[in-house]
Structure formats: structure tokens, C-alpha cells
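Text of target-v6.cif, listed as mmCIF, C-alpha atoms:
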data_run
loop_
_atom_site.group_PDB
_atom_site.id
_atom_site.type_symbol
_atom_site.label_atom_id
_atom_site.label_comp_id
_atom_site.auth_asym_id
_atom_site.auth_seq_id
_atom_site.Cartn_x
_atom_site.Cartn_y
_atom_site.Cartn_z
ATOM 1 C CA MET A 78 15.882 -5.702 6.449
ATOM 2 C CA LEU A 79 12.606 -4.612 8.017
ATOM 3 C CA VAL A 80 11.650 -1.060 8.959
ATOM 4 C CA GLU A 81 9.191 0.211 11.567
ATOM 5 C CA LEU A 82 6.089 1.947 10.262
ATOM 6 C CA CYS A 83 5.896 3.885 13.512
ATOM 7 C CA PRO A 84 7.654 3.726 16.898
ATOM 8 C CA GLY A 85 6.795 0.352 18.398
ATOM 9 C CA GLY A 86 4.674 -0.487 15.359
ATOM 10 C CA PRO A 87 4.787 -3.197 12.715
ATOM 11 C CA ARG A 88 8.005 -3.965 10.889
ATOM 12 C CA LEU A 89 7.660 -4.300 7.118
ATOM 13 C CA SER A 90 10.037 -4.613 4.196
ATOM 14 C CA PRO A 91 10.997 -1.153 2.848
ATOM 15 C CA VAL A 92 9.248 -2.013 -0.407
ATOM 16 C CA VAL A 93 5.849 -3.692 -0.069
ATOM 17 C CA VAL A 94 4.561 -6.087 -2.716
ATOM 18 C CA GLY A 95 1.038 -5.336 -3.919
ATOM 19 C CA VAL A 96 -0.998 -8.320 -5.115
ATOM 20 C CA TRP A 97 -4.201 -6.725 -6.404
ATOM 21 C CA ARG A 98 -3.632 -8.102 -9.948
ATOM 22 C CA LEU A 99 -2.756 -11.631 -8.801
ATOM 23 C CA HIS A 100 -6.060 -13.022 -10.088
ATOM 24 C CA SER A 101 -5.230 -11.941 -13.663
ATOM 25 C CA TRP A 102 -1.833 -13.639 -13.866
ATOM 26 C CA GLY A 103 -3.247 -17.064 -14.643
ATOM 27 C CA TRP A 104 -0.792 -18.876 -12.373
ATOM 28 C CA SER A 105 -1.256 -22.186 -10.632
ATOM 29 C CA ALA A 106 -0.867 -22.381 -6.867
ATOM 30 C CA PRO A 107 2.713 -23.756 -7.159
ATOM 31 C CA GLN A 108 3.614 -20.885 -9.514
ATOM 32 C CA ARG A 109 2.201 -18.383 -7.036
ATOM 33 C CA LEU A 110 4.234 -20.005 -4.270
ATOM 34 C CA ASP A 111 7.416 -19.818 -6.369
ATOM 35 C CA TRP A 112 6.787 -16.092 -6.913
ATOM 36 C CA ILE A 113 6.242 -15.493 -3.184
ATOM 37 C CA ASN A 114 9.509 -17.274 -2.427
ATOM 38 C CA ALA A 115 11.307 -15.255 -5.108
ATOM 39 C CA CYS A 116 10.049 -12.051 -3.472
ATOM 40 C CA LEU A 117 11.285 -13.275 -0.093
ATOM 41 C CA ASP A 118 14.687 -14.071 -1.586
ATOM 42 C CA LYS A 119 14.912 -10.402 -2.587
ATOM 43 C CA GLY A 120 14.070 -9.266 0.931
ATOM 44 C CA LEU A 121 10.501 -8.347 0.022
ATOM 45 C CA SER A 122 8.540 -9.972 2.808
ATOM 46 C CA SER A 123 5.470 -7.724 3.109
ATOM 47 C CA PHE A 124 2.411 -8.272 0.905
ATOM 48 C CA ASP A 125 -0.451 -5.832 0.498
ATOM 49 C CA HIS A 126 -4.004 -7.191 0.119
ATOM 50 C CA ALA A 127 -7.600 -6.012 0.254
ATOM 51 C CA ASP A 128 -10.758 -8.048 0.514
ATOM 52 C CA ILE A 129 -12.074 -6.585 -2.773
ATOM 53 C CA TYR A 130 -8.992 -7.339 -4.898
ATOM 54 C CA GLY A 131 -9.680 -9.509 -7.933
ATOM 55 C CA ASP A 132 -13.443 -9.342 -7.409
ATOM 56 C CA TYR A 133 -12.939 -10.720 -3.896
ATOM 57 C CA ALA A 134 -10.665 -13.549 -5.135
ATOM 58 C CA VAL A 135 -7.038 -12.546 -4.512
ATOM 59 C CA GLN A 136 -6.764 -13.363 -0.803
ATOM 60 C CA ALA A 137 -7.934 -16.922 -1.428
ATOM 61 C CA LEU A 138 -5.498 -17.357 -4.329
ATOM 62 C CA PHE A 139 -2.606 -16.133 -2.190
ATOM 63 C CA GLY A 140 -3.712 -18.284 0.734
ATOM 64 C CA GLU A 141 -3.949 -21.348 -1.481
ATOM 65 C CA ALA A 142 -0.274 -20.876 -2.328
ATOM 66 C CA LEU A 143 0.709 -20.313 1.318
ATOM 67 C CA ALA A 144 -1.068 -23.515 2.303
ATOM 68 C CA LEU A 145 1.430 -25.452 0.174
ATOM 69 C CA GLN A 146 4.236 -24.270 2.489
ATOM 70 C CA PRO A 147 2.643 -23.365 5.848
ATOM 71 C CA GLY A 148 5.929 -22.480 7.549
ATOM 72 C CA LEU A 149 6.318 -19.562 5.141
ATOM 73 C CA ARG A 150 3.840 -17.500 7.132
ATOM 74 C CA GLN A 151 6.434 -16.826 9.818
ATOM 75 C CA ARG A 152 8.721 -15.195 7.247
ATOM 76 C CA LEU A 153 6.278 -12.690 5.795
ATOM 77 C CA GLN A 154 3.950 -9.881 6.810
ATOM 78 C CA LEU A 155 0.370 -9.618 5.594
ATOM 79 C CA VAL A 156 -1.411 -6.290 5.199
ATOM 80 C CA SER A 157 -5.068 -6.229 4.214
ATOM 81 C CA LYS A 158 -7.821 -3.667 3.830
ATOM 82 C CA CYS A 159 -11.581 -3.657 4.231
ATOM 83 C CA GLY A 160 -14.475 -1.229 4.227
ATOM 84 C CA ILE A 161 -15.417 -0.993 0.536
ATOM 85 C CA GLN A 162 -18.482 -2.885 -0.691
ATOM 86 C CA LEU A 163 -18.463 -3.550 -4.442
ATOM 87 C CA VAL A 164 -21.334 -4.772 -6.575
ATOM 88 C CA SER A 165 -20.198 -8.300 -7.367
ATOM 89 C CA GLY A 166 -21.478 -11.778 -7.997
ATOM 90 C CA ALA A 167 -19.253 -12.776 -5.097
ATOM 91 C CA ARG A 168 -21.294 -10.494 -2.826
ATOM 92 C CA PRO A 169 -24.906 -10.653 -4.073
ATOM 93 C CA GLU A 170 -26.118 -8.685 -1.051
ATOM 94 C CA HIS A 171 -24.333 -5.551 -2.341
ATOM 95 C CA ARG A 172 -26.867 -3.507 -4.342
ATOM 96 C CA VAL A 173 -24.659 -0.461 -4.945
ATOM 97 C CA LYS A 174 -21.023 0.444 -4.377
ATOM 98 C CA SER A 175 -20.757 1.784 -0.848
ATOM 99 C CA TYR A 176 -18.562 1.921 2.240
ATOM 100 C CA ASN A 177 -19.169 -0.025 5.426
ATOM 101 C CA THR A 178 -17.045 0.551 8.512
ATOM 102 C CA SER A 179 -19.475 -0.939 11.001
ATOM 103 C CA ALA A 180 -17.957 -3.244 13.600
ATOM 104 C CA GLN A 181 -19.943 -6.149 12.189
ATOM 105 C CA HIS A 182 -18.602 -5.638 8.672
ATOM 106 C CA ILE A 183 -14.985 -5.063 9.746
ATOM 107 C CA ARG A 184 -14.950 -8.180 11.923
ATOM 108 C CA ALA A 185 -16.636 -10.326 9.252
ATOM 109 C CA SER A 186 -14.142 -9.096 6.636
ATOM 110 C CA VAL A 187 -11.168 -9.879 8.864
ATOM 111 C CA GLU A 188 -12.421 -13.339 9.791
ATOM 112 C CA ARG A 189 -13.156 -14.209 6.167
ATOM 113 C CA GLY A 190 -9.760 -12.867 5.096
ATOM 114 C CA LEU A 191 -7.940 -14.962 7.674
ATOM 115 C CA ARG A 192 -9.679 -18.094 6.408
ATOM 116 C CA GLU A 193 -8.847 -17.227 2.804
ATOM 117 C CA LEU A 194 -5.213 -16.417 3.582
ATOM 118 C CA HIS A 195 -4.762 -19.537 5.733
ATOM 119 C CA THR A 196 -3.405 -17.517 8.621
ATOM 120 C CA ASP A 197 -4.370 -16.808 12.217
ATOM 121 C CA TRP A 198 -3.559 -13.082 12.169
ATOM 122 C CA LEU A 199 -3.035 -9.987 10.043
ATOM 123 C CA ASP A 200 0.074 -7.961 10.708
ATOM 124 C CA VAL A 201 -1.715 -4.787 9.640
ATOM 125 C CA LEU A 202 -5.399 -4.084 8.995
ATOM 126 C CA LEU A 203 -6.238 -0.911 7.061
ATOM 127 C CA ILE A 204 -9.618 0.794 6.728
ATOM 128 C CA HIS A 205 -9.650 1.061 2.938
ATOM 129 C CA ARG A 206 -11.519 4.327 2.411
ATOM 130 C CA PRO A 207 -12.989 7.014 4.667
ATOM 131 C CA ASP A 208 -16.658 6.180 5.125
ATOM 132 C CA PRO A 209 -18.880 9.290 5.380
ATOM 133 C CA LEU A 210 -21.032 7.351 7.877
ATOM 134 C CA MET A 211 -18.065 6.076 9.884
ATOM 135 C CA GLN A 212 -18.516 6.140 13.660
ATOM 136 C CA ALA A 213 -15.035 6.558 15.077
ATOM 137 C CA GLN A 214 -15.808 5.082 18.495
ATOM 138 C CA GLU A 215 -17.381 1.973 16.946
ATOM 139 C CA VAL A 216 -14.336 1.429 14.725
ATOM 140 C CA ALA A 217 -12.027 1.908 17.719
ATOM 141 C CA ARG A 218 -13.912 -0.616 19.870
ATOM 142 C CA CYS A 219 -13.897 -3.122 17.002
ATOM 143 C CA VAL A 220 -10.155 -2.723 16.511
ATOM 144 C CA GLU A 221 -9.558 -3.163 20.240
ATOM 145 C CA ARG A 222 -11.484 -6.445 20.265
ATOM 146 C CA LEU A 223 -9.704 -7.723 17.164
ATOM 147 C CA GLN A 224 -6.371 -7.028 18.807
ATOM 148 C CA GLN A 225 -7.438 -8.597 22.090
ATOM 149 C CA ASP A 226 -8.521 -11.718 20.183
ATOM 150 C CA GLY A 227 -5.149 -11.872 18.408
ATOM 151 C CA LEU A 228 -6.648 -11.526 14.933
ATOM 152 C CA VAL A 229 -5.043 -8.166 14.102
ATOM 153 C CA ARG A 230 -1.718 -6.901 15.439
ATOM 154 C CA HIS A 231 -1.727 -3.337 14.103
ATOM 155 C CA VAL A 232 -4.207 -1.023 12.418
ATOM 156 C CA GLY A 233 -3.976 1.839 9.939
ATOM 157 C CA VAL A 234 -6.014 3.563 7.269
ATOM 158 C CA SER A 235 -5.884 4.202 3.550
ATOM 159 C CA ASN A 236 -6.781 7.320 1.564
ATOM 160 C CA PHE A 237 -7.686 9.329 4.680
ATOM 161 C CA THR A 238 -7.343 13.094 4.963
ATOM 162 C CA PRO A 239 -5.406 14.449 7.967
ATOM 163 C CA SER A 240 -8.624 15.273 9.837
ATOM 164 C CA GLN A 241 -10.108 11.833 9.135
ATOM 165 C CA PHE A 242 -6.857 10.236 10.293
ATOM 166 C CA GLU A 243 -6.933 12.245 13.514
ATOM 167 C CA LEU A 244 -10.587 11.343 14.141
ATOM 168 C CA ILE A 245 -9.846 7.604 14.234
ATOM 169 C CA ASP A 246 -6.431 7.947 15.836
ATOM 170 C CA SER A 247 -7.834 9.930 18.765
ATOM 171 C CA ALA A 248 -10.603 7.378 19.342
ATOM 172 C CA LEU A 249 -8.297 4.366 19.648
ATOM 173 C CA PRO A 250 -7.614 2.929 23.103
ATOM 174 C CA ARG A 251 -4.494 3.977 24.987
ATOM 175 C CA GLY A 252 -1.436 2.249 23.602
ATOM 176 C CA THR A 253 -2.890 1.818 20.099
ATOM 177 C CA VAL A 254 -2.233 4.201 17.221
ATOM 178 C CA LEU A 255 -2.843 4.242 13.498
ATOM 179 C CA CYS A 256 0.482 2.976 12.175
ATOM 180 C CA THR A 257 0.148 4.302 8.619
ATOM 181 C CA ASN A 258 -1.977 6.020 6.002
ATOM 182 C CA GLN A 259 -1.727 4.278 2.637
ATOM 183 C CA ILE A 260 -2.102 6.962 -0.034
ATOM 184 C CA GLU A 261 -1.609 7.577 -3.721
ATOM 185 C CA LEU A 262 1.494 9.647 -4.468
ATOM 186 C CA HIS A 263 3.582 10.171 -7.604
ATOM 187 C CA PRO A 264 4.592 13.159 -9.753
ATOM 188 C CA LEU A 265 1.122 13.216 -11.328
ATOM 189 C CA GLN A 266 -0.633 13.035 -7.943
ATOM 190 C CA ARG A 267 1.119 15.499 -5.690
ATOM 191 C CA GLY A 268 -1.790 16.402 -3.403
ATOM 192 C CA PRO A 269 -0.468 14.724 -0.235
ATOM 193 C CA LEU A 270 2.693 16.836 -0.482
ATOM 194 C CA HIS A 271 0.687 20.021 -0.038
ATOM 195 C CA ASP A 272 -2.583 19.190 1.764
ATOM 196 C CA GLY A 273 -1.084 18.302 5.142
ATOM 197 C CA THR A 274 -1.159 14.517 4.720
ATOM 198 C CA LEU A 275 2.605 14.052 4.669
ATOM 199 C CA ASP A 276 3.141 16.864 7.166
ATOM 200 C CA GLN A 277 1.012 14.870 9.602
ATOM 201 C CA ALA A 278 2.843 11.644 8.807
ATOM 202 C CA GLN A 279 6.189 13.280 9.511
ATOM 203 C CA ARG A 280 5.000 14.983 12.706
ATOM 204 C CA LEU A 281 3.531 11.774 14.138
ATOM 205 C CA GLN A 282 6.316 9.537 12.808
ATOM 206 C CA ARG A 283 3.822 7.309 11.001
ATOM 207 C CA ARG A 284 5.464 6.282 7.751
ATOM 208 C CA PRO A 285 2.970 6.345 4.851
ATOM 209 C CA MET A 286 2.550 3.496 2.400
ATOM 210 C CA ILE A 287 2.315 4.635 -1.228
ATOM 211 C CA TRP A 288 0.030 2.916 -3.699
ATOM 212 C CA SER A 289 0.397 3.380 -7.467
ATOM 213 C CA PRO A 290 3.927 4.824 -7.174
ATOM 214 C CA LEU A 291 4.336 4.661 -10.968
ATOM 215 C CA ALA A 292 0.876 6.112 -11.658
ATOM 216 C CA GLY A 293 -0.414 2.778 -12.844
ATOM 217 C CA GLY A 294 2.491 2.475 -15.284
ATOM 218 C CA ARG A 295 1.871 5.869 -16.902
ATOM 219 C CA LEU A 296 5.296 7.156 -15.848
ATOM 220 C CA VAL A 297 7.149 4.388 -17.683
ATOM 221 C CA GLN A 298 4.718 3.827 -20.573
ATOM 222 C CA PRO A 299 2.681 6.987 -21.211
ATOM 223 C CA GLY A 300 -0.300 6.700 -23.491
ATOM 224 C CA PRO A 301 -1.178 8.891 -26.472
ATOM 225 C CA GLY A 302 -2.211 12.387 -25.412
ATOM 226 C CA ASP A 303 -1.096 11.903 -21.800
ATOM 227 C CA ASP A 304 0.946 15.099 -21.851
ATOM 228 C CA ALA A 305 1.750 15.259 -18.130
ATOM 229 C CA ALA A 306 2.913 11.642 -18.073
ATOM 230 C CA TRP A 307 5.089 12.254 -21.128
ATOM 231 C CA ARG A 308 6.684 15.272 -19.480
ATOM 232 C CA VAL A 309 7.592 13.235 -16.420
ATOM 233 C CA HIS A 310 8.727 10.289 -18.526
ATOM 234 C CA HIS A 311 11.125 12.449 -20.527
ATOM 235 C CA VAL A 312 12.654 13.925 -17.368
ATOM 236 C CA LEU A 313 12.960 10.521 -15.700
ATOM 237 C CA THR A 314 14.578 9.060 -18.804
ATOM 238 C CA ARG A 315 17.121 11.871 -19.010
ATOM 239 C CA LEU A 316 17.951 11.663 -15.317
ATOM 240 C CA ALA A 317 18.136 7.863 -15.400
ATOM 241 C CA GLU A 318 21.022 8.105 -17.844
ATOM 242 C CA GLN A 319 22.901 10.287 -15.371
ATOM 243 C CA TRP A 320 22.178 7.955 -12.461
ATOM 244 C CA SER A 321 22.754 4.741 -14.487
ATOM 245 C CA CYS A 322 19.401 3.291 -13.502
ATOM 246 C CA SER A 323 15.939 2.833 -14.960
ATOM 247 C CA PRO A 324 13.333 5.625 -15.167
ATOM 248 C CA ALA A 325 11.168 3.558 -12.817
ATOM 249 C CA THR A 326 13.936 3.541 -10.222
ATOM 250 C CA LEU A 327 14.111 7.355 -10.402
ATOM 251 C CA ALA A 328 10.338 7.547 -9.898
ATOM 252 C CA TYR A 329 10.637 5.421 -6.755
ATOM 253 C CA ALA A 330 13.619 7.480 -5.578
ATOM 254 C CA TRP A 331 11.514 10.645 -5.944
ATOM 255 C CA LEU A 332 9.038 9.191 -3.445
ATOM 256 C CA LEU A 333 11.679 7.904 -1.069
ATOM 257 C CA ARG A 334 13.346 11.317 -0.900
ATOM 258 C CA HIS A 335 10.459 12.662 1.177
ATOM 259 C CA PRO A 336 11.291 12.999 4.898
ATOM 260 C CA SER A 337 8.136 11.128 5.934
ATOM 261 C CA GLN A 338 10.045 8.002 4.783
ATOM 262 C CA PRO A 339 7.298 6.364 2.720
ATOM 263 C CA LEU A 340 7.110 2.694 1.774
ATOM 264 C CA PRO A 341 6.140 2.196 -1.887
ATOM 265 C CA VAL A 342 3.713 -0.589 -2.748
ATOM 266 C CA THR A 343 4.630 -2.236 -6.034
ATOM 267 C CA GLY A 344 1.964 -3.963 -8.109
ATOM 268 C CA THR A 345 3.903 -6.188 -10.457
ATOM 269 C CA ARG A 346 4.578 -9.859 -11.000
ATOM 270 C CA ARG A 347 7.843 -9.092 -12.830
ATOM 271 C CA LEU A 348 10.843 -9.735 -10.633
ATOM 272 C CA ASP A 349 12.995 -7.286 -12.608
ATOM 273 C CA ALA A 350 10.408 -4.578 -11.937
ATOM 274 C CA LEU A 351 10.739 -5.319 -8.226
ATOM 275 C CA ASP A 352 14.488 -4.798 -8.656
ATOM 276 C CA ASP A 353 13.744 -1.296 -9.999
ATOM 277 C CA ALA A 354 12.047 -0.448 -6.709
ATOM 278 C CA LEU A 355 14.787 -1.986 -4.597
ATOM 279 C CA ALA A 356 17.484 -0.072 -6.484
ATOM 280 C CA ALA A 357 15.853 3.198 -5.425
ATOM 281 C CA LEU A 358 16.720 2.455 -1.793
ATOM 282 C CA ASN A 359 20.330 3.282 -2.641
ATOM 283 C CA ILE A 360 19.592 6.609 -4.363
ATOM 284 C CA SER A 361 19.195 9.927 -2.575
ATOM 285 C CA LEU A 362 18.059 12.697 -4.889
ATOM 286 C CA ASP A 363 19.227 16.248 -4.303
ATOM 287 C CA SER A 364 16.510 18.876 -3.908
ATOM 288 C CA GLN A 365 16.944 20.304 -7.414
ATOM 289 C CA THR A 366 16.549 16.909 -9.074
ATOM 290 C CA TRP A 367 13.482 16.252 -6.936
ATOM 291 C CA ALA A 368 12.041 19.647 -7.926
ATOM 292 C CA ALA A 369 12.676 18.983 -11.621
ATOM 293 C CA ILE A 370 10.494 15.869 -11.420
ATOM 294 C CA TRP A 371 7.803 17.730 -9.453
ATOM 295 C CA GLN A 372 7.853 20.475 -12.085
ATOM 296 C CA ALA A 373 7.447 17.973 -14.913
ATOM 297 C CA GLY A 374 4.350 16.542 -13.267
ATOM 298 C CA ALA A 375 2.816 19.918 -12.482
ATOM 299 C CA GLY A 376 3.749 21.594 -15.741
ATOM 300 C CA GLN A 377 5.009 24.603 -13.803
ATOM 301 C CA GLU A 378 7.692 25.648 -11.370
ATOM 302 C CA LEU A 379 7.356 25.111 -7.656
ATOM 303 C CA PRO A 380 5.400 28.075 -6.193
#
Spit out the file's structure as C-alpha cells when you get a sec.
Amino acid sequence: MLVELCPGGPRLSPVVVGVWRLHSWGWSAPQRLDWINACLDKGLSSFDHADIYGDYAVQALFGEALALQPGLRQRLQLVSKCGIQLVSGARPEHRVKSYNTSAQHIRASVERGLRELHTDWLDVLLIHRPDPLMQAQEVARCVERLQQDGLVRHVGVSNFTPSQFELIDSALPRGTVLCTNQIELHPLQRGPLHDGTLDQAQRLQRRPMIWSPLAGGRLVQPGPGDDAAWRVHHVLTRLAEQWSCSPATLAYAWLLRHPSQPLPVTGTRRLDALDDALAALNISLDSQTWAAIWQAGAGQELP
């Protein structure tokens, strides 16, 4: 089952598979292909990339696997991001970490990504971070040309504030809108609930994508001295017994309860961990349970 990110926008699986750690899994191309097929068998057909993932290596690793079964491209959706420049041996021209949202850089990143992924188009292109030097009209014209050339079907942003989102959205040509804002959200990072980000998403009917929904694993395996994570973990564990599910599933359900209808991005190679996310689709938390998890993350009652 696919869901629309926005009216008339791209259709993605309700849980998106993040691949930023793919380079560290040590898998051969056939093993990567088997994993992609296993995700598809579970109904997880959308994969989240960025040019910088794995020191600029992940897109090529994923594409190498896709090339073994070219017809698979028609069954999945590819999301990728660009705009961050990391200091890397793979990019010797980068002297310092910076952002680059110039038309030249965006187009070059997309074209390189398409070659690496062995595909002719991206389903969704996201501007990875708000660039302080970003020229909204230049980005808009670049996006329009990429769409006209058939290289990008839809565009969104990641980690943008409501005003930054509106700046780009208002500059886009008629008939084109930002389809999503991919943001960090979990009980330890509650900012988007209260800074207008999710209010905007709900008002515009642009479903957000959520990265790090388990706080990088802190919610299920807190480290020593991580008091806030331990508080949330204890509450999730207690509630999971009542709901007969895993604590991770409750953490996903907490996100999905929000009326902006977010799509979590998982970042795991473990198929059973993907099942935890899928199980949350069938859970609807009541407001008091949701507030108990919020309170555990904040260390205080709701104001």
C-alpha cells in the first residue's frame, strides 16, 4: 500500500527504508539485492538516500545491486538528498564542510546520483539542509528544469524551518510544491511539535518524513548516563507489555499518532526491526498514552 505525501504528490510506502549505513554492512551486491527484495516483500518499496551517505558511496552500492535486476526499479521509489558538501577523499575539491544549493551543484548531484543508482529518474529530490546562502529563485528554476528533463518527479526539503520551507515553496513554478519536509522527531527531539513545523505540515497537507525515529537507537538501547533516554525506554517498555508489542513499535506509534501523518524513515538492515515499524501502523495511541511518552522525554508534564 502506498500513501500520498501531498495531494497529487509522490506515493511512497508508509514506512520508508533508510540506507545511510549500507556501506558498513559488508554485503556483496547479491546480498544487497536480496535485502531489497525482502523489503519489497514486506511492502516497503521506498528507499531514502543522500549523496553524502557512506562517504559518498551508498548510492553506488545500492545501484550496483539494482543493476543485477533492472526490472526492480519499476517496483520501488527512490528518494535522495543533496546540498551538503563534506570534506572527503571522494570530493577533494571540498576544503571545509559547507552547503551548496546552487543550480550547478544541485544538477551535478542529481546527474551523478542517477548514474550511481542506475536509474533515469528520482521519485523525490530533497534539499538536505537549509543553506544560509540559498537563493530561492535559483533553486526553483533548477528544480523546474530537472522536472522538465524528466530527471526528478517531485521535490521536497529536509531539516527546514517553517519560514525556510515557505521561502522555497513560494518560489516554485505554478503546479509544483514542496511535497515534504524530512525532519528529526522522537520523544527526545520534540521541537517540531512546538515550533510550527508540524503545524505547517498539517495545514498544507504535506506529510513529513521522520529521520532517526528511534533517536539513533537510544530509545531501545540507552547508554550509561543517558537519563532522558532511560526515562523514555522505561515508559515504552511498560506500555509495550500492555500493547503486546515491542518498545520500538510503541516509539513508532507515538510518531504516527500525530495528525500530520508522518512517514518514519527506518535505518536498519534487520528485517525484524522493519517489522517493528510496520506493526505500529496498526496501533493508535490515545492522547494520555501519547502524553506519557512526551513527558518521559521532556522530564516534565505537558505545559
Target residues per the PyMOL selection byres ((chain A and resi 230) around 9), formatted as a ChimeraX atom specification: /A:87,198-202,223-225,227-229,231-232
Those same residues - C-alpha atoms - I'd like them written as a compact mmCIF listing (two decimals), keeping the file's coordinate frame.
# COMPACT_ATOMS: atom_id res chain seq x y z
CA PRO A 87 4.79 -3.20 12.72
CA TRP A 198 -3.56 -13.08 12.17
CA LEU A 199 -3.04 -9.99 10.04
CA ASP A 200 0.07 -7.96 10.71
CA VAL A 201 -1.72 -4.79 9.64
CA LEU A 202 -5.40 -4.08 8.99
CA LEU A 223 -9.70 -7.72 17.16
CA GLN A 224 -6.37 -7.03 18.81
CA GLN A 225 -7.44 -8.60 22.09
CA GLY A 227 -5.15 -11.87 18.41
CA LEU A 228 -6.65 -11.53 14.93
CA VAL A 229 -5.04 -8.17 14.10
CA HIS A 231 -1.73 -3.34 14.10
CA VAL A 232 -4.21 -1.02 12.42
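Residue nearest Asp349 (chain A), chosen from A:Ser321, A:Thr326, A:Gln154, A:Gln241 and counting only C-alpha atoms: A:Thr326.
When only C-alpha atoms are used to measure the gap to Ile370 (chain A), the shortest distance among A:Gly273, A:Ser323, A:Leu265, A:Ala278 belongs to A:Leu265.
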Exactly which residues make up the result of the PyMOL selection byres ((chain A and resi 209) around 12) on this file, given as an NGL selection string? :A and (160-161 or 175-179 or 206-208 or 210-213 or 237 or 241)
Could you please give me, as a list in words, the residues of protein, DNA or RNA lying at most 10 Å from (5.5, -15.0, 6.8) in the coordinate frame of the file, considering only C-alpha atoms? Leu117, Ser122, Ser123, Phe124, Leu143, Pro147, Gly148, Leu149, Arg150, Gln151, Arg152, Leu153, Gln154, Leu155, Thr196 and Asp200 of chain A
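Minimum atom-to-atom distance to Leu333 (chain A), evaluated using only C-alpha atoms, belongs to A:Ser361 out of A:Thr314, A:Thr345, A:Ser361, A:Ser186.
Taking only C-alpha atoms into account, the protein, DNA and RNA residues within 9 Å of (7.2, 9.4, -12.1) read His263, Pro264, Leu265, Pro290, Leu291, Ala292, Gly294, Arg295, Leu296, Val297, Ala306, Val309, His310, Val312, Leu313, Pro324, Ala325, Leu327, Ala328, Tyr329, Trp331, Leu332, Ile370, Trp371 and Gly374 of chain A.
Near Leu121 (chain A), within 8 Å and counting all atoms listed in the file, sit Ser90, Pro91, Val92, Val93, Val94, Cys116 and Leu117 of chain A; same-chain residues fewer than 4 positions away were not included.
Atom to atom, CA of Pro336 (chain A) and CA of Ala217 (chain A) stand 28.8 Å apart.
Contact shell of Arg251 (chain A) at 12 Å (all atoms listed in the file; same-chain neighbours under 4 positions omitted): Ala217, Arg218, Glu221, Asp246, Ser247 and Leu255 of chain A.
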Apply the PyMOL selection byres ((chain A and resi 125-136) around 7) to the file shown and report the selected residues as a PyMOL selection string. chain A and resi 93-100+123-124+137-140+155-159+165+167+190+193-194
Skip Pro84 (chain A) itself and residues of its chain fewer than 2 positions away, then list as a short mmCIF file (atom, residue, chain, number, x, y, z; two decimals) with C-alpha atoms, keeping the file's coordinate frame all residues within 10 Å of it, counting all atoms listed in the file.
data_model
loop_
_atom_site.label_atom_id
_atom_site.label_comp_id
_atom_site.auth_asym_id
_atom_site.auth_seq_id
_atom_site.Cartn_x
_atom_site.Cartn_y
_atom_site.Cartn_z
CA GLU A 81 9.19 0.21 11.57
CA LEU A 82 6.09 1.95 10.26
CA GLY A 86 4.67 -0.49 15.36
CA PRO A 87 4.79 -3.20 12.72
CA ARG A 88 8.01 -3.96 10.89
CA VAL A 254 -2.23 4.20 17.22
CA CYS A 256 0.48 2.98 12.18
CA LEU A 281 3.53 11.77 14.14
CA GLN A 282 6.32 9.54 12.81
CA ARG A 283 3.82 7.31 11.00
CA ARG A 284 5.46 6.28 7.75
#
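Between CA of Arg280 (chain A) and CA of Cys219 (chain A) the separation is 26.5 Å.
What separates CA of Gly268 (chain A) from CA of Ile245 (chain A) is a distance of 21.3 Å.
Take the candidates A:Cys83, A:Ala354, A:Met78, A:Cys322 and check each one against Thr257 (chain A) using only C-alpha atoms; the shortest distance goes to A:Cys83.
Of the residues listed (A:Val187, A:Ala106, A:Ala115, A:Leu379), A:Ala106 shows the shortest atom-to-atom separation from Ala144 (chain A); distances use only C-alpha atoms.
Closest approach to Ala180 (chain A) among A:Ile204, A:Ala350, A:Ile360, A:Val220: A:Val220, based on all atoms listed in the file.
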Let me have the centre and edge lengths of the axis-aligned box enclosing all listed atoms of region 337-347 of chain A with 3 Å padding on every side, in Å to one decimal, as AutoDock Vina command-line options.
--center_x 6.0 --center_y 0.6 --center_z -3.4 --size_x 14.1 --size_y 27.0 --size_z 24.8
For Ser235 (chain A): contacts at 7 Å, all atoms listed in the file, fewer than 4 positions along chain excluded, given as a list in words: Leu203, Ile204, His205, Arg206, Asn258, Gln259 and Ile260 of chain A
